[in-house]
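**Q** File protein19.json below, JSON, C-alpha atoms:
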[["chain", "number", "residue", "atom", "x", "y", "z"],
["A", 1, "MET", "CA", 12.27, -24.37, -12.47],
["A", 2, "SER", "CA", 10.64, -22.32, -9.76],
["A", 3, "LEU", "CA", 12.30, -21.12, -6.56],
["A", 4, "TYR", "CA", 9.74, -23.14, -4.64],
["A", 5, "SER", "CA", 10.68, -26.34, -6.52],
["A", 6, "LEU", "CA", 14.40, -25.70, -6.05],
["A", 7, "THR", "CA", 13.85, -25.04, -2.35],
["A", 8, "ASP", "CA", 11.95, -28.31, -2.05],
["A", 9, "GLU", "CA", 14.69, -30.19, -3.93],
["A", 10, "CYS", "CA", 17.43, -28.71, -1.71],
["A", 11, "ARG", "CA", 15.48, -29.65, 1.41],
["A", 12, "ASN", "CA", 14.94, -33.20, 0.14],
["A", 13, "LEU", "CA", 18.60, -33.61, -0.83],
["A", 14, "TYR", "CA", 19.70, -32.31, 2.56],
["A", 15, "ASP", "CA", 17.36, -34.74, 4.32],
["A", 16, "ALA", "CA", 18.67, -37.60, 2.16],
["A", 17, "LEU", "CA", 22.25, -36.54, 2.90],
["A", 18, "MET", "CA", 21.61, -36.53, 6.65],
["A", 19, "ALA", "CA", 19.89, -39.90, 6.41],
["A", 20, "SER", "CA", 22.85, -41.36, 4.49],
["A", 21, "ALA", "CA", 25.41, -40.27, 7.08],
["A", 22, "ASP", "CA", 27.23, -43.11, 8.81],
["A", 23, "GLU", "CA", 26.51, -42.64, 12.51],
["A", 24, "GLU", "CA", 29.93, -43.93, 13.58],
["A", 25, "THR", "CA", 32.23, -42.29, 11.03],
["A", 26, "GLY", "CA", 30.09, -39.36, 9.93],
["A", 27, "GLU", "CA", 30.82, -40.22, 6.29],
["A", 28, "VAL", "CA", 28.17, -39.22, 3.78],
["A", 29, "ASP", "CA", 27.31, -40.12, 0.21],
["A", 30, "ILE", "CA", 29.52, -37.80, -1.91],
["A", 31, "SER", "CA", 27.07, -37.94, -4.83],
["A", 32, "LEU", "CA", 24.41, -36.42, -2.54],
["A", 33, "VAL", "CA", 26.88, -33.71, -1.44],
["A", 34, "ASN", "CA", 27.61, -32.87, -5.08],
["A", 35, "ALA", "CA", 23.92, -32.92, -6.03],
["A", 36, "LEU", "CA", 23.07, -30.66, -3.08],
["A", 37, "ALA", "CA", 25.85, -28.21, -3.98],
["A", 38, "GLU", "CA", 24.60, -28.10, -7.58],
["A", 39, "ARG", "CA", 20.98, -27.51, -6.52],
["A", 40, "GLN", "CA", 22.06, -24.86, -3.99],
["A", 41, "GLU", "CA", 23.90, -23.01, -6.76],
["A", 42, "ALA", "CA", 20.82, -23.21, -8.99],
["A", 43, "TRP", "CA", 18.70, -22.07, -6.02],
["A", 44, "GLU", "CA", 20.97, -19.04, -5.42],
["A", 45, "ASP", "CA", 20.83, -18.10, -9.12],
["A", 46, "LYS", "CA", 17.03, -18.38, -9.05],
["A", 47, "ALA", "CA", 16.81, -16.36, -5.79],
["A", 48, "VAL", "CA", 18.85, -13.56, -7.37],
["A", 49, "ALA", "CA", 16.61, -13.66, -10.46],
["A", 50, "VAL", "CA", 13.50, -13.45, -8.26],
["A", 51, "ALA", "CA", 15.06, -10.53, -6.36],
["A", 52, "CYS", "CA", 15.64, -8.78, -9.70],
["A", 53, "VAL", "CA", 11.95, -9.26, -10.54],
["A", 54, "TYR", "CA", 11.09, -7.82, -7.12],
["A", 55, "ARG", "CA", 13.28, -4.77, -7.74],
["A", 56, "SER", "CA", 11.77, -4.28, -11.19],
["A", 57, "LEU", "CA", 8.24, -4.44, -9.75],
["A", 58, "ASP", "CA", 9.27, -2.04, -6.97],
["A", 59, "GLU", "CA", 10.64, 0.42, -9.54],
["A", 60, "ASP", "CA", 7.47, 0.07, -11.65],
["A", 61, "ALA", "CA", 5.31, 0.73, -8.57],
["A", 62, "ALA", "CA", 7.38, 3.82, -7.73],
["A", 63, "ARG", "CA", 7.09, 5.04, -11.34],
["A", 64, "VAL", "CA", 3.31, 4.54, -11.23],
["A", 65, "GLY", "CA", 3.20, 6.37, -7.88],
["A", 66, "ARG", "CA", 5.04, 9.34, -9.40],
["A", 67, "GLU", "CA", 2.66, 9.32, -12.35],
["A", 68, "ILE", "CA", -0.33, 9.25, -9.98],
["A", 69, "GLU", "CA", 1.12, 12.27, -8.13],
["A", 70, "ARG", "CA", 1.65, 14.10, -11.44],
["A", 71, "LEU", "CA", -1.87, 13.30, -12.65],
["A", 72, "THR", "CA", -3.38, 14.21, -9.27],
["A", 73, "ALA", "CA", -1.67, 17.61, -9.40],
["A", 74, "MET", "CA", -2.89, 18.06, -12.99],
["A", 75, "LYS", "CA", -6.43, 17.12, -11.94],
["A", 76, "LYS", "CA", -6.36, 19.67, -9.09],
["A", 77, "ARG", "CA", -5.15, 22.40, -11.48],
["A", 78, "LEU", "CA", -7.90, 21.55, -13.96],
["A", 79, "GLU", "CA", -10.54, 21.50, -11.20],
["A", 80, "ARG", "CA", -9.39, 24.91, -9.93],
["A", 81, "GLU", "CA", -9.52, 26.29, -13.48],
["A", 82, "ARG", "CA", -12.96, 24.71, -14.01],
["A", 83, "ASP", "CA", -14.25, 26.27, -10.78],
["A", 84, "ARG", "CA", -12.77, 29.67, -11.72],
["A", 85, "VAL", "CA", -14.50, 29.52, -15.14],
["A", 86, "LYS", "CA", -17.82, 28.52, -13.52],
["A", 87, "GLU", "CA", -17.58, 31.35, -10.96],
["A", 88, "GLY", "CA", -16.81, 33.83, -13.76],
["A", 89, "LEU", "CA", -19.79, 32.61, -15.76],
["A", 90, "SER", "CA", -22.03, 32.84, -12.70],
["A", 91, "ALA", "CA", -20.78, 36.36, -11.94],
["A", 92, "ALA", "CA", -21.43, 37.46, -15.55],
["A", 93, "PHE", "CA", -24.99, 36.05, -15.45],
["A", 94, "THR", "CA", -25.64, 37.68, -12.09],
["A", 95, "ALA", "CA", -24.25, 41.05, -13.22],
["A", 96, "LEU", "CA", -26.63, 41.14, -16.20],
["A", 97, "GLY", "CA", -29.59, 39.57, -14.37],
["A", 98, "VAL", "CA", -29.73, 36.66, -16.82],
["A", 99, "GLU", "CA", -31.26, 33.43, -15.47],
["A", 100, "LYS", "CA", -31.15, 31.12, -18.48],
["A", 101, "VAL", "CA", -29.38, 30.72, -21.84],
["A", 102, "LYS", "CA", -29.92, 27.89, -24.30],
["A", 103, "GLY", "CA", -27.18, 27.13, -26.79],
["A", 104, "MET", "CA", -26.31, 24.51, -29.35],
["A", 105, "TYR", "CA", -23.61, 22.92, -27.15],
["A", 106, "ALA", "CA", -24.67, 23.91, -23.64],
["A", 107, "ASP", "CA", -27.69, 25.08, -21.68],
["A", 108, "ILE", "CA", -26.95, 27.40, -18.77],
["A", 109, "SER", "CA", -29.40, 28.16, -15.99],
["A", 110, "PHE", "CA", -29.62, 28.75, -12.26],
["A", 111, "ARG", "CA", -31.52, 26.43, -10.00],
["A", 112, "ALA", "CA", -32.68, 27.16, -6.48],
["A", 113, "SER", "CA", -31.10, 25.26, -3.61],
["A", 114, "GLU", "CA", -30.75, 25.47, 0.15],
["A", 115, "GLN", "CA", -27.57, 25.14, 2.13],
["A", 116, "THR", "CA", -27.32, 24.82, 5.89],
["A", 117, "ILE", "CA", -24.77, 27.25, 7.26],
["A", 118, "ILE", "CA", -23.32, 26.75, 10.75],
["A", 119, "ASP", "CA", -22.39, 30.15, 12.16],
["A", 120, "ASN", "CA", -21.30, 28.84, 15.58],
["A", 121, "ALA", "CA", -21.01, 25.07, 16.13],
["A", 122, "ASP", "CA", -20.74, 25.58, 19.90],
["A", 123, "ALA", "CA", -24.19, 27.19, 20.00],
["A", 124, "VAL", "CA", -25.93, 24.30, 18.19],
["A", 125, "PRO", "CA", -27.97, 22.16, 20.66],
["A", 126, "GLU", "CA", -26.61, 18.67, 21.39],
["A", 127, "GLU", "CA", -29.62, 16.97, 19.79],
["A", 128, "TYR", "CA", -28.39, 18.27, 16.41],
["A", 129, "MET", "CA", -24.83, 17.11, 16.90],
["A", 130, "THR", "CA", -23.26, 13.90, 15.65],
["A", 131, "VAL", "CA", -20.65, 12.21, 17.82],
["A", 132, "LYS", "CA", -17.85, 10.38, 16.06],
["A", 133, "THR", "CA", -15.60, 8.31, 18.29],
["A", 134, "THR", "CA", -13.07, 5.76, 17.13],
["A", 135, "TYR", "CA", -10.85, 3.59, 19.25],
["A", 136, "THR", "CA", -7.71, 2.04, 17.82],
["A", 137, "PRO", "CA", -4.88, 0.33, 19.68],
["A", 138, "ASN", "CA", -1.82, 2.53, 20.21],
["A", 139, "LYS", "CA", 0.84, 0.07, 19.03],
["A", 140, "THR", "CA", 3.74, 2.26, 20.15],
["A", 141, "ALA", "CA", 2.42, 2.53, 23.70],
["A", 142, "ILE", "CA", 1.62, -1.18, 23.78],
["A", 143, "ARG", "CA", 5.13, -2.12, 22.56],
["A", 144, "GLU", "CA", 6.73, 0.16, 25.19],
["A", 145, "ALA", "CA", 4.53, -1.28, 27.95],
["A", 146, "ILE", "CA", 5.34, -4.88, 27.03],
["A", 147, "LYS", "CA", 9.06, -4.09, 26.80],
["A", 148, "ALA", "CA", 8.80, -2.50, 30.27],
["A", 149, "GLY", "CA", 7.52, -5.85, 31.59],
["A", 150, "LYS", "CA", 3.80, -5.10, 31.68],
["A", 151, "GLU", "CA", 1.26, -7.59, 30.41],
["A", 152, "VAL", "CA", -1.16, -6.13, 27.89],
["A", 153, "PRO", "CA", -4.21, -8.38, 27.36],
["A", 154, "GLY", "CA", -4.91, -9.01, 23.70],
["A", 155, "ALA", "CA", -1.41, -8.03, 22.54],
["A", 156, "HIS", "CA", 2.07, -9.49, 22.37],
["A", 157, "LEU", "CA", 5.40, -8.79, 20.70],
["A", 158, "GLU", "CA", 6.57, -11.03, 17.91],
["A", 159, "GLN", "CA", 10.06, -11.14, 16.42],
["A", 160, "ARG", "CA", 10.08, -11.10, 12.65],
["A", 161, "LYS", "CA", 12.68, -11.36, 9.95],
["A", 162, "ASN", "CA", 12.04, -9.10, 6.98],
["A", 163, "ILE", "CA", 13.84, -9.84, 3.75],
["A", 164, "GLN", "CA", 15.86, -6.93, 2.39],
["A", 165, "ILE", "CA", 16.57, -6.61, -1.32],
["A", 166, "LYS", "CA", 19.06, -4.00, -2.49]]
Mind turning the file's structure into structure tokens?

**A**
Amino acid sequence: MSLYSLTDECRNLYDALMASADEETGEVDISLVNALAERQEAWEDKAVAVACVYRSLDEDAARVGREIERLTAMKKRLERERDRVKEGLSAAFTALGVEKVKGMYADISFRASEQTIIDNADAVPEEYMTVKTTYTPNKTAIREAIKAGKEVPGAHLEQRKNIQIK
């Protein structure tokens, strides 16, 4: 049975228990008390099981994160080695004045290209500049302002309860 179903059952049993209470004496149906206690125990067992699944998924995500970091570092090493090999090949071709070599497994040649080099960005006229401006709310400043009693249009503080699983 799912945690959701157990939660719904507990809520329904509690509502039935409250509805069965004698308004004058406060007595309740003992069978509903026992049923609620049983469902609450099942609910707690299920909640612990769900928390274990959460922890397992969290550990798996951390393990995948570590593997991503390891593979990213490996990729960077391989890219640096690749670039070093390419530069060495280019230097060897340049040193001998060779422009093209055809082989069974690879063809090597130079191609002409142009690259724009900016020697001094401050000297470039404004018409050739690109302006990038981004505005994002400063949540820390907004929180401090609201806590200090200021009203910040478009923002408010909200109390939340975050579940903690250890």

**Q** Residues at most 10 Å from region 151-162 of chain A, counting all atoms listed in the file, excluding those fewer than 4 positions away in the same chain, as a list in words?

**A**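 In the requested form, the answer reads Pro137, Lys139, Ile142, Arg143, Ala145, Ile146 and Lys147 of chain A.
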
**Q** Okay, now the selection with C-alpha atoms, as a short mmCIF file (atom, residue, chain, number, x, y, z; two decimals), in the coordinates of the input?

**A**
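Output contents, as saved in selection.cif:
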data_model
loop_
_atom_site.label_atom_id
_atom_site.label_comp_id
_atom_site.auth_asym_id
_atom_site.auth_seq_id
_atom_site.Cartn_x
_atom_site.Cartn_y
_atom_site.Cartn_z
CA PRO A 137 -4.88 0.33 19.68
CA LYS A 139 0.84 0.07 19.03
CA ILE A 142 1.62 -1.18 23.78
CA ARG A 143 5.13 -2.12 22.56
CA ALA A 145 4.53 -1.28 27.95
CA ILE A 146 5.34 -4.88 27.03
CA LYS A 147 9.06 -4.09 26.80
#

**Q** Which is closest to Ala47 (chain A) among A:Thr133, A:Ser5, A:Met74, A:Asn34, if we use all atoms listed in the file?

**A** A:Ser5

**Q** Show me, as a list of chain:residue names, the residues that have an atom within 12 Å of region 92-99 of chain A when counting all atoms listed in the file, minus same-chain residues fewer than 5 positions from it.

**A**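 Residues meeting the cut-off are A:Val85, A:Lys86, A:Glu87, A:Asp107, A:Ile108, A:Ser109, A:Phe110, A:Arg111, A:Ala112.
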
**Q** Store the residues picked out above in a file with C-alpha atoms, as a PDB file, keeping the file's coordinate frame.

**A**
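After the write, part-v6.pdb holds the following:
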ATOM      1  CA  VAL A  85     -14.500  29.520 -15.140  1.00  0.00           C
ATOM      2  CA  LYS A  86     -17.820  28.520 -13.520  1.00  0.00           C
ATOM      3  CA  GLU A  87     -17.580  31.350 -10.960  1.00  0.00           C
ATOM      4  CA  ASP A 107     -27.690  25.080 -21.680  1.00  0.00           C
ATOM      5  CA  ILE A 108     -26.950  27.400 -18.770  1.00  0.00           C
ATOM      6  CA  SER A 109     -29.400  28.160 -15.990  1.00  0.00           C
ATOM      7  CA  PHE A 110     -29.620  28.750 -12.260  1.00  0.00           C
ATOM      8  CA  ARG A 111     -31.520  26.430 -10.000  1.00  0.00           C
ATOM      9  CA  ALA A 112     -32.680  27.160  -6.480  1.00  0.00           C
TER      10      ALA A 112
END

**Q** Enter the distance from CA of Ser90 (chain A) to CA of Asn120 (chain A), in Å, rounded to one decimal.

**A**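 About the pair CA of Ser90 (chain A) and CA of Asn120 (chain A): they are 28.6 Å apart.
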
**Q** What's the separation between CA of Asp15 (chain A) and CA of Glu27 (chain A), in Å to one decimal place?

**A** 14.7 Å

**Q** Measure the distance from CA of Ala61 (chain A) to CA of Lys46 (chain A) in Å and round it to one decimal.

**A**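 The value is 22.4 Å.
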
**Q** Please identify all polymer residues within 12 Å of Asp8 (chain A), counting all atoms listed in the file, omitting same-chain residues fewer than 5 positions from it, and present them as a ChimeraX atom specification.

**A** /A:1-3,13-15,36,39-40,43

**Q** Would you save the residues from that selection as a PDB file, keeping the file's coordinate frame, using C-alpha atoms?

**A**
ATOM      1  CA  MET A   1      12.270 -24.370 -12.470  1.00  0.00           C
ATOM      2  CA  SER A   2      10.640 -22.320  -9.760  1.00  0.00           C
ATOM      3  CA  LEU A   3      12.300 -21.120  -6.560  1.00  0.00           C
ATOM      4  CA  LEU A  13      18.600 -33.610  -0.830  1.00  0.00           C
ATOM      5  CA  TYR A  14      19.700 -32.310   2.560  1.00  0.00           C
ATOM      6  CA  ASP A  15      17.360 -34.740   4.320  1.00  0.00           C
ATOM      7  CA  LEU A  36      23.070 -30.660  -3.080  1.00  0.00           C
ATOM      8  CA  ARG A  39      20.980 -27.510  -6.520  1.00  0.00           C
ATOM      9  CA  GLN A  40      22.060 -24.860  -3.990  1.00  0.00           C
ATOM     10  CA  TRP A  43      18.700 -22.070  -6.020  1.00  0.00           C
TER      11      TRP A  43
END
